[in-house]
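Undergrad: So here's run.txt (compact mmCIF, C-alpha atoms).
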```txt
# COMPACT_ATOMS: atom_id res chain seq x y z
CA MET A 1 146.87 132.11 110.62
CA LYS A 2 144.86 130.29 113.23
CA LEU A 3 143.01 132.39 115.82
CA THR A 4 140.61 131.32 118.55
CA ILE A 5 137.66 133.70 118.49
CA ASN A 6 135.04 133.36 121.21
CA GLY A 7 136.23 129.83 121.80
CA GLU A 8 136.10 128.76 118.15
CA SER A 9 139.17 128.09 116.04
CA LYS A 10 139.19 130.15 112.83
CA GLU A 11 141.52 130.70 109.89
CA ILE A 12 142.08 134.43 109.45
CA LYS A 13 144.49 136.15 107.04
CA ASP A 14 147.94 136.91 108.45
CA GLY A 15 148.90 140.15 110.07
CA ILE A 16 145.55 141.80 110.57
CA SER A 17 144.97 144.37 113.28
CA LEU A 18 142.43 144.12 116.06
CA PRO A 19 140.12 146.78 114.50
CA GLU A 20 140.24 144.83 111.20
CA LEU A 21 139.25 141.65 113.01
CA LEU A 22 136.30 143.43 114.61
CA VAL A 23 135.10 144.31 111.09
CA ILE A 24 135.68 140.79 109.71
CA GLU A 25 133.79 139.28 112.64
CA ASN A 26 130.86 141.65 112.11
CA VAL A 27 131.08 143.13 115.60
CA GLU A 28 128.21 145.59 115.47
CA GLN A 29 129.49 148.29 117.81
CA PRO A 30 133.28 147.93 118.06
CA ASP A 31 133.54 150.73 120.61
CA MET A 32 130.93 149.02 122.80
CA VAL A 33 132.58 145.64 123.13
CA SER A 34 135.04 144.54 125.76
CA VAL A 35 137.90 142.75 123.99
CA GLN A 36 140.01 140.15 125.73
CA LEU A 37 143.27 139.10 124.06
CA ASN A 38 145.06 136.07 125.54
CA ASP A 39 143.31 136.56 128.91
CA GLU A 40 144.07 140.30 129.17
CA PHE A 41 141.52 143.03 128.49
CA VAL A 42 142.54 145.53 125.84
CA ARG A 43 141.70 149.14 126.53
CA GLN A 44 139.53 150.78 123.89
CA ASP A 45 142.26 153.32 123.01
CA GLU A 46 144.81 150.52 122.53
CA HIS A 47 142.85 148.57 119.90
CA LYS A 48 144.50 150.37 116.98
CA GLY A 49 148.03 149.44 117.91
CA ILE A 50 147.41 145.71 118.13
CA THR A 51 148.39 143.28 115.39
CA LEU A 52 147.20 139.74 115.90
CA LYS A 53 149.52 136.74 115.84
CA GLU A 54 149.14 133.03 115.14
CA ASN A 55 147.31 131.20 117.97
CA ASP A 56 146.04 134.37 119.64
CA SER A 57 142.83 133.85 121.57
CA ILE A 58 140.28 136.65 121.40
CA ASN A 59 136.98 137.03 123.22
CA PHE A 60 134.37 139.68 122.57
CA LEU A 61 132.22 140.45 125.60
CA TYR A 62 129.07 142.47 125.05
CA PHE A 63 127.23 144.77 127.41
CA MET A 64 123.89 143.38 128.54
CA GLY A 65 121.93 145.85 130.57
CA GLY A 66 118.55 144.19 130.84
CA GLY A 67 117.11 142.58 133.92
CA ALA A 68 113.57 143.77 134.42
CA MET B 1 122.31 128.15 165.21
CA ARG B 2 118.63 127.42 165.29
CA GLU B 3 116.52 124.35 165.78
CA PHE B 4 114.35 123.49 162.82
CA SER B 5 110.74 122.61 163.53
CA ASP B 6 109.26 119.39 162.15
CA GLU B 7 107.53 121.49 159.51
CA GLU B 8 110.86 122.97 158.40
CA LEU B 9 112.64 119.61 158.40
CA GLU B 10 109.95 118.28 156.08
CA ARG B 11 109.89 121.44 153.93
CA TYR B 12 113.65 121.45 153.40
CA SER B 13 114.09 117.67 153.27
CA ARG B 14 115.28 117.66 149.64
CA HIS B 15 118.00 120.13 150.53
CA ILE B 16 118.93 118.32 153.71
CA ILE B 17 119.42 114.99 151.95
CA LEU B 18 121.83 116.64 149.53
CA GLN B 19 125.26 115.54 150.68
CA ASP B 20 126.75 118.99 150.03
CA VAL B 21 124.01 120.81 151.95
CA GLY B 22 122.74 118.71 154.83
CA ILE B 23 121.30 120.11 158.03
CA GLU B 24 124.34 122.36 158.47
CA GLY B 25 123.95 123.86 155.01
CA GLN B 26 120.26 124.43 155.58
CA GLU B 27 121.09 126.18 158.86
CA LYS B 28 123.47 128.45 156.98
CA ILE B 29 120.69 129.25 154.51
CA ALA B 30 118.26 129.97 157.37
CA ASN B 31 120.77 132.28 159.02
CA SER B 32 121.61 134.20 155.85
CA LYS B 33 120.43 137.58 154.60
CA VAL B 34 120.19 138.24 150.86
CA LEU B 35 119.27 141.50 149.13
CA VAL B 36 117.49 141.29 145.76
CA ILE B 37 117.73 144.58 143.85
CA GLY B 38 114.93 144.77 141.31
CA ALA B 39 111.67 142.80 141.49
CA GLY B 40 111.47 142.30 137.74
CA GLY B 41 112.54 139.69 135.21
CA LEU B 42 115.60 138.53 137.15
CA GLY B 43 114.41 139.49 140.63
CA SER B 44 111.19 137.46 140.28
CA PRO B 45 112.74 133.99 139.94
CA VAL B 46 115.53 134.85 142.36
CA ALA B 47 113.09 136.00 145.07
CA LEU B 48 110.84 132.97 144.56
CA TYR B 49 113.68 130.45 144.78
CA LEU B 50 115.42 132.13 147.71
CA ALA B 51 112.14 132.26 149.65
CA ALA B 52 111.42 128.64 148.81
CA ALA B 53 114.96 127.69 149.86
CA GLY B 54 114.40 129.20 153.29
CA VAL B 55 116.84 132.13 153.22
CA GLY B 56 116.27 133.67 156.66
CA GLU B 57 115.96 137.29 155.60
CA ILE B 58 115.38 138.57 152.10
CA GLY B 59 115.41 142.27 151.27
CA ILE B 60 113.75 143.32 148.04
CA VAL B 61 114.21 146.69 146.39
CA ASP B 62 112.10 148.28 143.67
CA GLY B 63 110.40 151.66 143.33
CA ASP B 64 108.08 150.65 140.52
CA VAL B 65 104.55 149.30 140.28
CA VAL B 66 103.51 146.23 138.29
CA ASP B 67 102.65 146.96 134.65
CA LEU B 68 100.73 144.68 132.30
CA SER B 69 103.81 144.43 130.03
CA ASN B 70 105.83 143.01 132.96
CA LEU B 71 103.75 139.85 133.24
CA GLN B 72 105.25 138.14 130.18
CA ARG B 73 108.37 137.40 132.29
CA GLN B 74 108.12 138.81 135.85
CA VAL B 75 106.62 135.61 137.22
CA ILE B 76 106.29 136.72 140.83
CA HIS B 77 103.52 139.14 139.83
CA THR B 78 100.02 138.24 138.64
CA THR B 79 97.35 139.96 136.59
CA ALA B 80 95.63 141.06 139.80
CA ASP B 81 98.83 142.87 140.84
CA VAL B 82 98.83 145.43 138.01
CA ASN B 83 99.46 148.88 139.54
CA VAL B 84 100.49 147.34 142.88
CA PRO B 85 104.01 148.26 144.10
CA LYS B 86 106.30 145.45 142.93
CA VAL B 87 107.91 144.98 146.33
CA LEU B 88 104.53 144.42 148.00
CA SER B 89 103.37 142.05 145.28
CA ALA B 90 106.67 140.13 145.59
CA LYS B 91 106.56 140.01 149.40
CA ALA B 92 103.05 138.51 149.35
CA LYS B 93 104.14 135.63 147.05
CA MET B 94 107.35 134.97 148.95
CA GLU B 95 105.50 134.74 152.27
CA ALA B 96 102.84 132.56 150.70
CA ILE B 97 105.51 130.13 149.53
CA ASN B 98 107.40 130.16 152.81
CA PRO B 99 106.09 131.87 155.96
CA ASN B 100 109.38 131.12 157.72
CA VAL B 101 111.15 133.77 155.66
CA LYS B 102 111.39 137.38 156.81
CA VAL B 103 110.92 139.75 153.87
CA THR B 104 111.99 143.39 154.14
CA VAL B 105 110.77 145.72 151.41
CA TYR B 106 112.48 148.84 150.12
CA GLN B 107 109.94 150.64 147.96
CA LYS B 108 112.44 152.94 146.33
CA PHE B 109 115.20 153.08 143.75
CA LEU B 110 118.78 152.90 144.96
CA ASP B 111 121.24 155.72 144.47
CA ALA B 112 124.53 156.85 145.95
CA SER B 113 122.75 158.35 148.97
CA ASN B 114 121.14 155.12 150.19
CA ILE B 115 122.76 152.07 148.58
CA LEU B 116 125.70 151.54 150.95
CA ASP B 117 123.58 151.58 154.09
CA ILE B 118 121.21 149.00 152.64
CA VAL B 119 123.82 146.70 151.09
CA LYS B 120 125.94 146.62 154.29
CA GLY B 121 123.25 144.71 156.15
CA TYR B 122 123.31 141.70 153.83
CA ASP B 123 125.53 138.67 153.21
CA PHE B 124 124.94 138.53 149.46
CA VAL B 125 123.38 140.82 146.87
CA ILE B 126 121.60 140.04 143.59
CA ASP B 127 121.72 142.56 140.76
CA GLY B 128 118.39 142.26 139.00
CA THR B 129 118.33 145.80 137.64
CA ASP B 130 117.66 146.92 134.09
CA ASN B 131 120.12 149.74 133.45
CA PHE B 132 123.86 150.30 133.44
CA SER B 133 123.98 153.15 135.97
CA SER B 134 122.38 150.83 138.54
CA LYS B 135 124.57 147.86 137.60
CA PHE B 136 127.77 149.88 138.03
CA LEU B 137 126.44 151.51 141.22
CA ILE B 138 125.70 148.06 142.72
CA ASN B 139 129.20 146.90 141.76
CA ASP B 140 130.76 149.96 143.42
CA ALA B 141 128.65 149.61 146.57
CA CYS B 142 129.39 145.88 146.94
CA VAL B 143 133.13 146.46 146.41
CA LEU B 144 133.17 149.30 148.98
CA ALA B 145 131.02 147.41 151.50
CA ASN B 146 132.86 144.15 150.79
CA VAL B 147 129.66 142.22 150.12
CA PRO B 148 129.68 139.51 147.45
CA TYR B 149 127.11 139.77 144.69
CA SER B 150 125.80 138.27 141.48
CA HIS B 151 125.77 140.40 138.34
CA GLY B 152 123.12 139.56 135.78
CA GLY B 153 122.30 140.96 132.36
CA ILE B 154 119.85 139.82 129.70
CA LEU B 155 118.91 140.93 126.21
CA ARG B 156 116.77 139.34 123.50
CA PHE B 157 117.69 135.61 123.70
CA GLY B 158 120.93 136.06 125.64
CA GLY B 159 122.17 136.37 129.16
CA GLN B 160 125.38 136.90 131.09
CA THR B 161 126.28 136.52 134.75
CA MET B 162 129.29 136.58 137.04
CA THR B 163 129.71 136.37 140.78
CA VAL B 164 131.92 138.93 142.46
CA LYS B 165 133.77 138.46 145.71
CA PRO B 166 135.25 141.89 146.43
CA LYS B 167 139.01 142.02 146.99
CA GLU B 168 139.36 138.41 145.81
CA SER B 169 137.78 138.09 142.37
CA ALA B 170 137.33 140.35 139.36
CA CYS B 171 134.51 142.89 139.58
CA TYR B 172 132.11 144.03 136.86
CA ALA B 173 134.31 147.06 136.14
CA CYS B 174 137.37 144.81 135.67
CA VAL B 175 135.53 143.47 132.61
CA PHE B 176 133.45 146.39 131.34
CA ASP B 177 135.19 149.39 132.94
CA SER B 178 132.36 151.94 132.84
CA PRO B 179 128.79 152.39 131.62
CA PRO B 180 128.23 152.78 127.87
CA PRO B 181 126.79 156.09 126.67
CA ALA B 182 123.03 156.49 126.96
CA ASN B 183 121.11 154.70 124.22
CA ALA B 184 124.27 153.12 122.78
CA ILE B 185 123.16 149.63 123.77
CA PRO B 186 119.72 148.23 122.97
CA THR B 187 117.60 147.43 126.01
CA CYS B 188 114.91 144.89 126.76
CA SER B 189 112.20 147.48 126.23
CA SER B 190 113.65 148.62 122.91
CA ALA B 191 114.93 145.26 121.63
CA GLY B 192 112.85 142.74 123.55
CA ILE B 193 113.56 139.79 125.83
CA LEU B 194 112.30 136.23 125.69
CA GLY B 195 110.55 135.86 129.04
CA ALA B 196 112.00 132.42 129.76
CA VAL B 197 115.55 133.80 129.31
CA ALA B 198 114.99 136.03 132.35
CA GLY B 199 114.01 132.88 134.25
CA MET B 200 117.11 131.00 133.05
CA LEU B 201 119.47 133.72 134.18
CA GLY B 202 117.62 134.51 137.42
CA THR B 203 117.69 130.90 138.55
CA ILE B 204 121.45 130.78 137.87
CA GLN B 205 121.82 133.83 140.13
CA ALA B 206 119.70 132.18 142.84
CA ALA B 207 121.85 129.04 142.63
CA GLU B 208 125.01 131.15 142.93
CA ALA B 209 123.65 132.86 146.05
CA LEU B 210 122.80 129.51 147.65
CA LYS B 211 126.17 128.00 146.70
CA TYR B 212 127.93 130.97 148.28
CA ILE B 213 125.87 130.76 151.48
CA VAL B 214 126.36 127.01 151.88
CA GLY B 215 129.99 127.21 150.77
CA VAL B 216 129.73 124.53 148.13
CA GLY B 217 131.12 124.24 144.63
CA GLU B 218 132.82 126.87 142.50
CA PRO B 219 131.06 130.22 142.22
CA LEU B 220 131.29 132.18 138.98
CA TYR B 221 134.36 134.04 140.23
CA ASN B 222 136.75 135.38 137.58
CA ARG B 223 134.53 134.24 134.75
CA LEU B 224 131.56 135.49 132.82
CA LEU B 225 128.98 132.88 131.93
CA THR B 226 127.19 133.84 128.74
CA PHE B 227 124.49 131.95 126.92
CA ASP B 228 122.45 132.27 123.78
CA ALA B 229 119.08 130.57 124.12
CA LYS B 230 118.70 130.43 120.34
CA THR B 231 121.50 127.91 120.04
CA MET B 232 121.54 126.93 123.73
CA ASN B 233 125.28 127.39 123.73
CA PHE B 234 126.72 128.23 127.14
CA ARG B 235 130.24 129.59 127.47
CA ASN B 236 132.54 130.67 130.28
CA VAL B 237 135.06 133.41 129.59
CA ASN B 238 137.83 133.41 132.19
CA PHE B 239 139.76 136.43 133.40
CA LYS B 240 141.62 137.76 136.40
CA LYS B 241 141.07 140.65 138.76
CA ASN B 242 142.52 143.74 137.09
CA PRO B 243 145.05 145.41 139.42
CA LYS B 244 144.44 148.67 137.55
CA CYS B 245 140.64 148.37 137.75
CA ARG B 246 138.93 151.74 138.06
CA VAL B 247 136.76 150.39 140.90
CA CYS B 248 138.51 147.54 142.74
CA GLY B 249 142.14 148.10 141.70
CA GLU B 250 145.00 149.48 143.77
CA HIS B 251 143.84 153.02 143.07
CA GLY B 252 140.17 152.12 143.03
CA ILE B 253 137.20 154.13 144.25
CA LYS B 254 137.06 155.38 147.84
CA GLU B 255 133.51 156.69 147.88
CA ILE B 256 130.23 156.09 146.15
CA LYS B 257 128.95 158.36 143.40
CA ASP B 258 125.95 158.19 141.10
CA TYR B 259 126.57 157.41 137.47
CA GLU B 260 124.88 159.63 134.93
CA ALA B 261 121.29 158.46 134.97
CA VAL B 262 120.83 156.38 131.86
CA VAL B 263 117.15 155.75 131.78
CA CYS B 264 116.96 152.88 129.37
CA GLU B 265 113.81 151.24 130.51
CA ALA B 266 111.95 154.37 131.51
CA LYS B 267 108.58 152.83 132.17
CA LEU B 268 107.88 149.24 131.41
```
As structure tokens, please, write out the structure in this file.
TA:
Amino acid sequence: MKLTINGESKEIKDGISLPELLVIENVEQPDMVSVQLNDEFVRQDEHKGITLKENDSINFLYFMGGGA
Amino acid sequence: MREFSDEELERYSRHIILQDVGIEGQEKIANSKVLVIGAGGLGSPVALYLAAAGVGEIGIVDGDVVDLSNLQRQVIHTTADVNVPKVLSAKAKMEAINPNVKVTVYQKFLDASNILDIVKGYDFVIDGTDNFSSKFLINDACVLANVPYSHGGILRFGGQTMTVKPKESACYACVFDSPPPANAIPTCSSAGILGAVAGMLGTIQAAEALKYIVGVGEPLYNRLLTFDAKTMNFRNVNFKKNPKCRVCGEHGIKEIKDYEAVVCEAKL
């Protein structure tokens, strides 16, 4: 199925869950990333229950704490 | 409104000829008060550009002194400033660039006991801090005091920034909810930062402050701008204010509290 991940269109196998996608996409610290699915943020404790569908758009937003 | 002197008209001429700024926009800049929190990698370029732009009053907050390892990116400080309080070093450069600007220094670190009183006196705030407890505290204070601000974060070759207009646009906690556990996220001191990346992000924050003050263009409301200097790809991720946000939502915070001190950048 076609997913848009961080703005890029990708072909990903059908029916995978959000935690599986985080593994496939090599997200280093899955519990430290803010996940946005079709413009809505997904709470950390809701990741498990989410199965992705054709044309879903997913963004991974990472903490950046530097500034000095 | 104030009358600009001939010296000021000449100094700001490249702003004034900008159709979207003009003499009125420059007056708004001259009548504005901006608080820069952190006189480091982000705070340096922000403070330099805001002073040069003629922001009437600039507050600058930092409790640290200049360290040799700061000079690779904190461009407001020089080799001669090592061991000098950062706010004093910064104030001297800002006044040297533009004596028309009033600089107020706060030689301290902000916490729940002092942040609201300081933030309340300003029209716009810049987050140039280096740790998550400060970033979330600034977000909380700006939401409670209803003062718009620019969030900034950098790491290695990357940066992210968003502009927050409390009550109207999404806040930092709408996106990231709450601080990560201590040491969970690499920091600039543990993972490094390309000095020029701090300059790239800081100048974006300065531009956002000036856009807000003049009332021109589209601030980074409801979107996070992220970039990777390795590929030079820039990306906007759009979102909406979260009605259930822990901080700015319907049942958001009513008072300011310190976050667990996560000392990521202990001593640079």
Undergrad: Every residue with an atom at most 7 Å from (145.1, 126.6, 110.2) (file coordinates; all atoms listed in the file) is what I'm after, so could you write them as a list in words?
TA: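 Output: Met1, Lys2 and Glu11 of chain A.
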Undergrad: For a cutoff of 6 Å around the file-coordinate point (121.9, 132.2, 131.5), which residues qualify once you count all atoms listed in the file? I'd like the result as an MDAnalysis selection string.
TA: chainID B and resid 159:160 200:201 227
Undergrad: Can you work out which one of A:Glu25, A:Glu20, A:Asp31, A:Glu8 has the shortest atom-to-atom distance to Asp45 in chain A, counting all atoms listed in the file?
TA: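 Result for the nearest residue to Asp45 in chain A: A:Asp31.
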Undergrad: Show me, as a ChimeraX atom specification, the residues that have an atom within 12 Å of Leu22 in chain A when counting only C-alpha atoms, minus same-chain residues fewer than 3 positions from it.
TA: /A:5,12,16-19,25-35,47-48,50,52,58-60
Undergrad: Would you put the residues from that selection into a file with C-alpha atoms, as an mmCIF file, in the coordinates of the input?
TA:
```
data_model
loop_
_atom_site.group_PDB
_atom_site.id
_atom_site.type_symbol
_atom_site.label_atom_id
_atom_site.label_comp_id
_atom_site.auth_asym_id
_atom_site.auth_seq_id
_atom_site.Cartn_x
_atom_site.Cartn_y
_atom_site.Cartn_z
ATOM 1 C CA ILE A 5 137.660 133.700 118.490
ATOM 2 C CA ILE A 12 142.080 134.430 109.450
ATOM 3 C CA ILE A 16 145.550 141.800 110.570
ATOM 4 C CA SER A 17 144.970 144.370 113.280
ATOM 5 C CA LEU A 18 142.430 144.120 116.060
ATOM 6 C CA PRO A 19 140.120 146.780 114.500
ATOM 7 C CA GLU A 25 133.790 139.280 112.640
ATOM 8 C CA ASN A 26 130.860 141.650 112.110
ATOM 9 C CA VAL A 27 131.080 143.130 115.600
ATOM 10 C CA GLU A 28 128.210 145.590 115.470
ATOM 11 C CA GLN A 29 129.490 148.290 117.810
ATOM 12 C CA PRO A 30 133.280 147.930 118.060
ATOM 13 C CA ASP A 31 133.540 150.730 120.610
ATOM 14 C CA MET A 32 130.930 149.020 122.800
ATOM 15 C CA VAL A 33 132.580 145.640 123.130
ATOM 16 C CA SER A 34 135.040 144.540 125.760
ATOM 17 C CA VAL A 35 137.900 142.750 123.990
ATOM 18 C CA HIS A 47 142.850 148.570 119.900
ATOM 19 C CA LYS A 48 144.500 150.370 116.980
ATOM 20 C CA ILE A 50 147.410 145.710 118.130
ATOM 21 C CA LEU A 52 147.200 139.740 115.900
ATOM 22 C CA ILE A 58 140.280 136.650 121.400
ATOM 23 C CA ASN A 59 136.980 137.030 123.220
ATOM 24 C CA PHE A 60 134.370 139.680 122.570
#
```
Undergrad: Please compute the CA of Ile115 in chain B-CA of Thr78 in chain B distance, one decimal, in Å.
TA: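 Between CA of Ile115 in chain B and CA of Thr78 in chain B the gap works out to 28.4 Å.
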Undergrad: Write out as a list of chain:residue names every residue belonging to chain A that has an atom at most 8 Å from any atom of chain B, counting only C-alpha atoms.
TA: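 Filtering chain A at 8 Å from chain B with only C-alpha atoms gives A:Met32, A:Ser34, A:Asp39, A:Glu40, A:Phe41, A:Asn59, A:Phe63, A:Met64, A:Gly65, A:Gly66, A:Gly67, A:Ala68.
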Undergrad: Please report, as lines of an AutoDock Vina configuration file, the centre and edge lengths in Å to one decimal of an axis-aligned box covering all listed atoms of range 29-44 of chain A with 8 Å per side.
TA:
```
center_x = 137.3
center_y = 143.4
center_z = 123.5
size_x = 31.6
size_y = 30.7
size_z = 27.4
```
Undergrad: Restricting the calculation to all atoms listed in the file, which member of A:Leu61, A:Val42, A:Leu37, A:Ile24 is positioned closest to Thr4 in chain A?
TA: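 Among the listed residues, A:Leu37 lies closest to Thr4 in chain A.
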Undergrad: For a quick check of understanding, using all atoms listed in the file, which of B:Val46, B:Val119, B:Ile76, B:Leu71 has the smallest distance to Gln205 in chain B?
TA: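 Using all atoms listed in the file, Gln205 in chain B sits closest to B:Val46.
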Undergrad: Could you state the separation of CA of His77 in chain B and CA of Phe157 in chain B in Å, given to one decimal place?
TA: 21.8 Å
Undergrad: Could you please determine the separation between CA of Met232 in chain B and CA of Ser57 in chain A in Å, to one decimal place?
TA: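 Going from CA of Met232 in chain B over to CA of Ser57 in chain A covers 22.5 Å.
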Undergrad: Counting all atoms listed in the file, which of B:Asp140, B:Glu208, B:Glu168, B:Glu57 gets nearest to Tyr259 in chain B?
TA: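 Distance minimum relative to Tyr259 in chain B lands on B:Asp140.
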Undergrad: Could you check which of B:Val34, B:Cys171, B:Leu225, B:Val55 is closest to Lys120 in chain B, using all atoms listed in the file?
TA: B:Val34
Undergrad: Could you check which of B:Leu88, B:Val247, B:Ile138, B:Ile204 is closest to Lys167 in chain B, using only C-alpha atoms?
TA: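 Comparing B:Leu88, B:Val247, B:Ile138, B:Ile204 against Lys167 in chain B, the winner is B:Val247.
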Undergrad: Could you list, as a compact mmCIF listing (two decimals) with C-alpha atoms, keeping the file's coordinate frame, every residue within 7 Å of range 107-110 of chain B, counting all atoms listed in the file and ignoring same-chain residues fewer than 3 positions away?
TA:
```txt
# COMPACT_ATOMS: atom_id res chain seq x y z
CA VAL B 61 114.21 146.69 146.39
CA ASP B 62 112.10 148.28 143.67
CA GLY B 63 110.40 151.66 143.33
CA VAL B 87 107.91 144.98 146.33
CA ASN B 114 121.14 155.12 150.19
CA ILE B 115 122.76 152.07 148.58
```
Undergrad: Please output range 102-114 of chain B, rebuilt to include N, CA and C atoms, as a PDB file, keeping the file's coordinate frame.
TA:
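As written to disk, part.pdb reads:
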```pdb
ATOM      1  N   LYS B 102     111.685 135.974 156.505  1.00  0.00           N
ATOM      2  CA  LYS B 102     111.390 137.380 156.810  1.00  0.00           C
ATOM      3  C   LYS B 102     111.718 138.217 155.580  1.00  0.00           C
ATOM      4  N   VAL B 103     110.718 138.925 155.075  1.00  0.00           N
ATOM      5  CA  VAL B 103     110.920 139.750 153.870  1.00  0.00           C
ATOM      6  C   VAL B 103     110.886 141.225 154.254  1.00  0.00           C
ATOM      7  N   THR B 104     111.940 141.938 153.897  1.00  0.00           N
ATOM      8  CA  THR B 104     111.990 143.390 154.140  1.00  0.00           C
ATOM      9  C   THR B 104     111.872 144.089 152.793  1.00  0.00           C
ATOM     10  N   VAL B 105     110.947 145.039 152.699  1.00  0.00           N
ATOM     11  CA  VAL B 105     110.770 145.720 151.410  1.00  0.00           C
ATOM     12  C   VAL B 105     111.368 147.124 151.443  1.00  0.00           C
ATOM     13  N   TYR B 106     111.959 147.481 150.331  1.00  0.00           N
ATOM     14  CA  TYR B 106     112.480 148.840 150.120  1.00  0.00           C
ATOM     15  C   TYR B 106     111.780 149.379 148.882  1.00  0.00           C
ATOM     16  N   GLN B 107     110.722 150.152 149.101  1.00  0.00           N
ATOM     17  CA  GLN B 107     109.940 150.640 147.960  1.00  0.00           C
ATOM     18  C   GLN B 107     110.567 151.938 147.463  1.00  0.00           C
ATOM     19  N   LYS B 108     111.691 151.789 146.819  1.00  0.00           N
ATOM     20  CA  LYS B 108     112.440 152.940 146.330  1.00  0.00           C
ATOM     21  C   LYS B 108     113.460 152.456 145.310  1.00  0.00           C
ATOM     22  N   PHE B 109     114.077 153.402 144.617  1.00  0.00           N
ATOM     23  CA  PHE B 109     115.200 153.080 143.750  1.00  0.00           C
ATOM     24  C   PHE B 109     116.472 153.420 144.501  1.00  0.00           C
ATOM     25  N   LEU B 110     117.524 152.663 144.256  1.00  0.00           N
ATOM     26  CA  LEU B 110     118.780 152.900 144.960  1.00  0.00           C
ATOM     27  C   LEU B 110     119.605 153.960 144.241  1.00  0.00           C
ATOM     28  N   ASP B 111     120.273 154.782 145.036  1.00  0.00           N
ATOM     29  CA  ASP B 111     121.240 155.720 144.470  1.00  0.00           C
ATOM     30  C   ASP B 111     122.394 155.853 145.458  1.00  0.00           C
ATOM     31  N   ALA B 112     123.316 156.744 145.134  1.00  0.00           N
ATOM     32  CA  ALA B 112     124.530 156.850 145.950  1.00  0.00           C
ATOM     33  C   ALA B 112     124.214 157.240 147.393  1.00  0.00           C
ATOM     34  N   SER B 113     123.078 157.876 147.615  1.00  0.00           N
ATOM     35  CA  SER B 113     122.750 158.350 148.970  1.00  0.00           C
ATOM     36  C   SER B 113     122.269 157.231 149.889  1.00  0.00           C
ATOM     37  N   ASN B 114     121.743 156.136 149.314  1.00  0.00           N
ATOM     38  CA  ASN B 114     121.140 155.120 150.190  1.00  0.00           C
ATOM     39  C   ASN B 114     121.707 153.709 150.007  1.00  0.00           C
TER      40      ASN B 114
END
```
